[in-house]
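Undergrad: Below is a structure I'd like to ask you about.
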Amino acid sequence: MKLWGGRFSSELDSQAAQLNNSLPFDYRLGEVDVIGSIAWAKAIQKANILTGAESEVIISCLERILAEFRSGEFDFSPSDEDIHTAVERRLTELAGPVGGKLHTGRSRNDQVATDFRMWVMQAIDSLVGQLVGVLQALGKRAEEDMGVLLPGYTHTQRAQPIYLSHFWMGHAEALLRDRERFQTCKVHTGVLPLGSGALAGTSFEIDREFLAVELGFAQVSRNSLDAVADRDFAVEFLFAASLLALHLSRLADALILYSTAEFGFIEMADAYSTGSSLMPQKKNADPMELTRAKAGTILGRLTGLLAVLKGLPSAYDKDLQEDKQPVFDVADTLLVLLPVMAGVLSTLSIRPQKMRAALDPAMLATDLADYLVHKGIPFREAHHLSGRAVRRSAELGVGLNELPVAEFQAIHPVFENDVQEVFDFERSAAMHGVIGGTSPTQVKKQISEFWKRLASG
């Protein structure tokens, strides 16, 4: 029996029913739906809607249903419209007519909003756990790779020398922000809708504070209209997921680039590489390419849900049935991507000699300008003079470090023999000693603070 069929004289058209039914995806709410129903049974007993004996029977049967979900033994019926129908149908099979009392004072509107929030909070815990694994892998890489120099890039052009550990910590910073966003999202998700009814609340004396404690919610919704319509938490989840996917994509793109023969800075482990069906020599970073691609898919899920929510009238509308699939899909995707990224980072091999060979003396042109500033030249003029030195070295076909002192002095007499001291990559990195800079001292501080922040979680 449907939960809503009393006022209808004919069955729903079969194709309309197929469109209407949400069980093909909301079956995943089975466990949280039963857990919520157990709490509701306790609440309506407290409100004297159920006797103690009735409550005991219903809760006992719901616990059996929960065990069936957890063991994979729950049998769905073709008549089940959604997960709520399936659970109530099974409850009535087990408990008899008393099972029909469970839904007293409750609507599927506040029920599904509660189920969905519970599911999202659990998903956040799982995702944050996997994200911590990636962060730990980055922290270990930063420790192990300390002292290795590589070219830093802007606009995909060589810019200034940095330490590889500084590079790893740069990506760790972004992922730490992602963890914070998910934690904030969990706080915003932890608002209990149950007890809001269809839109106006319930006429029974339901202790909603009791329900919040039972179900692990930090607070109770303040307006029943908003409670059944609010999907901000789902959007926020997808936004946090989109930024996480974006950050994983940027890291993946760098690893793809650095693993090419043209760079050769790193090599992926065979366990995280694939080959070509035609070219035997190929070793492809396919998992990282898929990470890069799936970021776009996840972003699409966010924009899709935003489009669904735009312009909806108040309270619940069936449009909101479209809220769960994007969240389920994105959570599933990230729960695959995150451990793969952690594995890639933990197993890749670095090629310090290749990184060192890619360092170009011209990358120290800014240091050359800084040298002139220390000689009293205004930076804008120093920048121009350093650029002239770069151009002159190119005209002579020599490295900037090989330009004779006489050539430097022809550009400006303030240059002295000590100009050659500028062309030392370690010295250059060490000079960047401000908080957050790439000097060894500062990078070590970043790593130390990183572990503390990660642990404080």
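Chain labels run A, B, ... following the order of the structure tokens; each chain numbers its residues from 1, and ligands are numbered from 1 in the order shown.
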Pick out each residue of region 45-206 of chain A that DSSP on the backbone tags as strand (DSSP E or B); I need them as a PyMOL selection string.

TA: chain A and resi 149-154+157-163+191-192

Undergrad: Hey, could you make a per-residue contact list for region 91-200 of chain A against region 43-49 of chain A with 12 Å as the cut-off, showing the nearest pair of atoms and its distance in Å to one decimal, counting only C-alpha atoms, sorted by chain and number, as JSON lines?

TA:
```
{"residue": "A:Val98", "atom": "CA", "partner": "A:Ile49", "partner_atom": "CA", "distance": 11.3}
{"residue": "A:Gly100", "atom": "CA", "partner": "A:Ile49", "partner_atom": "CA", "distance": 12.0}
{"residue": "A:Lys101", "atom": "CA", "partner": "A:Ile49", "partner_atom": "CA", "distance": 8.2}
{"residue": "A:Leu102", "atom": "CA", "partner": "A:Ile44", "partner_atom": "CA", "distance": 8.0}
{"residue": "A:His103", "atom": "CA", "partner": "A:Ile44", "partner_atom": "CA", "distance": 9.4}
{"residue": "A:Thr104", "atom": "CA", "partner": "A:Ile44", "partner_atom": "CA", "distance": 7.8}
{"residue": "A:Gly105", "atom": "CA", "partner": "A:Ile44", "partner_atom": "CA", "distance": 8.4}
{"residue": "A:Arg106", "atom": "CA", "partner": "A:Ile44", "partner_atom": "CA", "distance": 9.9}
{"residue": "A:Leu194", "atom": "CA", "partner": "A:Ala43", "partner_atom": "CA", "distance": 10.7}
{"residue": "A:Gly195", "atom": "CA", "partner": "A:Ala43", "partner_atom": "CA", "distance": 9.8}
```

Undergrad: If I take CA of Phe239 (chain A) and CA of Arg177 (chain A), how far is one from the other in Å, to one decimal?

TA: 12.6 Å

Undergrad: Which neighbours of region 424-437 of chain A fall inside 8 Å, counting only C-alpha atoms, when residues of the same chain fewer than 5 positions from it are skipped, and could you give them as a compact mmCIF listing (two decimals) with N, CA and C atoms, in the first residue's frame?

TA:
```
# COMPACT_ATOMS: atom_id res chain seq x y z
N LEU A 149 66.15 21.00 -4.46
CA LEU A 149 65.73 22.19 -5.20
C LEU A 149 65.08 21.81 -6.52
N PRO A 161 63.96 29.55 -8.08
CA PRO A 161 64.22 28.26 -7.45
C PRO A 161 63.49 28.15 -6.12
N ILE A 162 62.90 26.99 -5.88
CA ILE A 162 62.24 26.72 -4.61
C ILE A 162 62.63 25.31 -4.16
N TYR A 163 62.31 25.00 -2.95
CA TYR A 163 62.54 23.63 -2.48
C TYR A 163 61.31 22.77 -2.76
N LEU A 364 67.60 33.65 -11.55
CA LEU A 364 68.10 34.48 -10.46
C LEU A 364 68.13 35.96 -10.84
N ASP A 367 67.04 38.05 -8.08
CA ASP A 367 68.11 38.20 -7.08
C ASP A 367 69.11 39.27 -7.54
N GLN A 442 62.38 28.33 7.00
CA GLN A 442 60.95 28.56 6.94
C GLN A 442 60.19 27.30 6.50
N VAL A 443 60.75 26.54 5.59
CA VAL A 443 60.08 25.32 5.15
C VAL A 443 59.98 24.33 6.31
N GLN A 446 57.21 25.41 8.40
CA GLN A 446 55.93 25.08 7.77
C GLN A 446 55.57 23.63 8.04
```

Undergrad: Run DSSP on the backbone and grab whatever in region 179-350 of chain A lands in helix (DSSP H, G or I); send it over as a VMD selection string.

TA: chain A and resid 179 to 189 208 to 215 224 to 229 232 to 258 270 to 272 286 to 309 318 to 347

Undergrad: Go ahead and compute the interatomic distance for CA of Phe408 (chain A) and CA of Ala389 (chain A), in Å to one decimal.

TA: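 Interatomic distance, CA of Phe408 (chain A) to CA of Ala389 (chain A): 6.7 Å.
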
Undergrad: Would you mind reading off the distance between CA of Leu91 (chain A) and CA of Ala198 (chain A), one decimal, in Å?

TA: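 So the answer is 21.8 Å.
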
Undergrad: Applying 12 Å and only C-alpha atoms, which residues near Met169 (chain A) remain after dropping the ones on its own chain fewer than 2 positions away? List them as a ChimeraX atom specification.

TA: /A:134-143,145-146,162-167,171-176,251,436-438,442-451

Undergrad: Take the residues from that selection and put them in a file with N, CA, C and O atoms, as a compact mmCIF listing (two decimals), in the first residue's frame.

TA:
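To be explicit, this is the file written out as out.txt:
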```
# COMPACT_ATOMS: atom_id res chain seq x y z
N VAL A 134 45.77 11.80 2.54
CA VAL A 134 46.52 12.56 1.52
C VAL A 134 47.41 13.59 2.18
O VAL A 134 48.57 13.77 1.80
N LEU A 135 46.90 14.26 3.18
CA LEU A 135 47.70 15.27 3.89
C LEU A 135 48.90 14.63 4.57
O LEU A 135 50.01 15.18 4.55
N GLN A 136 48.71 13.49 5.16
CA GLN A 136 49.84 12.80 5.79
C GLN A 136 50.89 12.43 4.75
O GLN A 136 52.10 12.56 5.00
N ALA A 137 50.44 11.99 3.57
CA ALA A 137 51.38 11.64 2.51
C ALA A 137 52.17 12.87 2.06
O ALA A 137 53.38 12.79 1.82
N LEU A 138 51.51 14.02 1.96
CA LEU A 138 52.21 15.25 1.59
C LEU A 138 53.21 15.66 2.66
O LEU A 138 54.33 16.08 2.36
N GLY A 139 52.80 15.54 3.93
CA GLY A 139 53.72 15.89 5.01
C GLY A 139 54.96 15.01 5.03
O GLY A 139 56.08 15.49 5.23
N LYS A 140 54.78 13.72 4.80
CA LYS A 140 55.92 12.80 4.77
C LYS A 140 56.83 13.09 3.58
O LYS A 140 58.05 13.02 3.70
N ARG A 141 56.23 13.40 2.44
CA ARG A 141 57.04 13.77 1.27
C ARG A 141 57.86 15.01 1.58
O ARG A 141 59.05 15.08 1.23
N ALA A 142 57.25 16.00 2.20
CA ALA A 142 57.96 17.23 2.51
C ALA A 142 59.14 16.96 3.44
O ALA A 142 60.22 17.55 3.26
N GLU A 143 58.97 16.06 4.38
CA GLU A 143 60.07 15.71 5.28
C GLU A 143 61.17 14.95 4.53
O GLU A 143 62.36 15.24 4.68
N ASP A 145 61.86 14.84 1.32
CA ASP A 145 62.45 15.53 0.18
C ASP A 145 63.11 16.86 0.56
O ASP A 145 63.43 17.68 -0.31
N MET A 146 63.31 17.06 1.86
CA MET A 146 63.91 18.31 2.34
C MET A 146 65.29 18.50 1.72
O MET A 146 66.10 17.57 1.68
N ILE A 162 62.90 26.99 -5.88
CA ILE A 162 62.24 26.72 -4.61
C ILE A 162 62.63 25.31 -4.16
O ILE A 162 63.22 24.54 -4.93
N TYR A 163 62.31 25.00 -2.95
CA TYR A 163 62.54 23.63 -2.48
C TYR A 163 61.31 22.77 -2.76
O TYR A 163 60.17 23.23 -2.67
N LEU A 164 61.57 21.53 -3.10
CA LEU A 164 60.48 20.59 -3.37
C LEU A 164 59.56 20.47 -2.16
O LEU A 164 58.33 20.37 -2.32
N SER A 165 60.11 20.50 -0.98
CA SER A 165 59.29 20.44 0.22
C SER A 165 58.33 21.62 0.29
O SER A 165 57.20 21.50 0.79
N HIS A 166 58.78 22.77 -0.17
CA HIS A 166 57.93 23.96 -0.22
C HIS A 166 56.76 23.72 -1.19
O HIS A 166 55.61 24.12 -0.91
N PHE A 167 57.04 23.07 -2.30
CA PHE A 167 56.00 22.71 -3.28
C PHE A 167 54.96 21.80 -2.64
O PHE A 167 53.75 22.02 -2.76
N HIS A 171 50.65 22.57 -1.66
CA HIS A 171 49.44 21.80 -1.93
C HIS A 171 48.77 21.36 -0.63
O HIS A 171 47.53 21.27 -0.56
N ALA A 172 49.56 21.12 0.41
CA ALA A 172 48.98 20.74 1.70
C ALA A 172 48.12 21.87 2.27
O ALA A 172 47.08 21.61 2.88
N GLU A 173 48.55 23.11 2.08
CA GLU A 173 47.78 24.25 2.58
C GLU A 173 46.37 24.25 1.99
O GLU A 173 45.39 24.47 2.70
N ALA A 174 46.27 24.01 0.69
CA ALA A 174 44.96 24.01 0.04
C ALA A 174 44.08 22.90 0.61
O ALA A 174 42.88 23.10 0.86
N LEU A 175 44.67 21.73 0.83
CA LEU A 175 43.88 20.60 1.33
C LEU A 175 43.49 20.79 2.79
O LEU A 175 42.43 20.31 3.22
N LEU A 176 44.31 21.49 3.56
CA LEU A 176 43.90 21.82 4.93
C LEU A 176 42.68 22.72 4.93
O LEU A 176 41.78 22.57 5.78
N LEU A 251 47.09 19.39 -8.30
CA LEU A 251 48.22 18.55 -7.90
C LEU A 251 48.45 17.45 -8.93
O LEU A 251 49.59 17.18 -9.32
N GLY A 436 56.54 31.85 5.60
CA GLY A 436 55.92 31.28 4.42
C GLY A 436 56.84 31.17 3.23
O GLY A 436 56.44 30.65 2.18
N GLY A 437 58.09 31.65 3.35
CA GLY A 437 59.02 31.61 2.24
C GLY A 437 59.63 30.24 2.04
O GLY A 437 59.38 29.30 2.80
N THR A 438 60.50 30.14 1.02
CA THR A 438 61.05 28.85 0.64
C THR A 438 62.41 28.56 1.25
O THR A 438 63.05 27.56 0.90
N GLN A 442 62.38 28.33 7.00
CA GLN A 442 60.95 28.56 6.94
C GLN A 442 60.19 27.30 6.50
O GLN A 442 59.09 27.03 6.99
N VAL A 443 60.75 26.54 5.59
CA VAL A 443 60.08 25.32 5.15
C VAL A 443 59.98 24.33 6.31
O VAL A 443 58.95 23.68 6.50
N LYS A 444 61.04 24.22 7.09
CA LYS A 444 60.99 23.34 8.27
C LYS A 444 59.92 23.79 9.25
O LYS A 444 59.22 22.97 9.85
N LYS A 445 59.78 25.10 9.40
CA LYS A 445 58.73 25.63 10.28
C LYS A 445 57.35 25.29 9.71
O LYS A 445 56.43 24.92 10.46
N GLN A 446 57.21 25.41 8.40
CA GLN A 446 55.93 25.08 7.77
C GLN A 446 55.57 23.63 8.04
O GLN A 446 54.41 23.31 8.36
N ILE A 447 56.54 22.74 7.89
CA ILE A 447 56.29 21.32 8.10
C ILE A 447 55.91 21.04 9.55
O ILE A 447 54.95 20.31 9.83
N SER A 448 56.64 21.64 10.48
CA SER A 448 56.36 21.45 11.90
C SER A 448 54.96 21.95 12.25
O SER A 448 54.18 21.26 12.93
N GLU A 449 54.61 23.13 11.77
CA GLU A 449 53.30 23.69 12.04
C GLU A 449 52.20 22.89 11.35
O GLU A 449 51.09 22.75 11.87
N PHE A 450 52.53 22.36 10.16
CA PHE A 450 51.57 21.55 9.42
C PHE A 450 51.13 20.34 10.26
O PHE A 450 49.93 20.07 10.39
N TRP A 451 52.08 19.62 10.85
CA TRP A 451 51.73 18.44 11.63
C TRP A 451 50.89 18.83 12.84
O TRP A 451 49.95 18.10 13.22
```
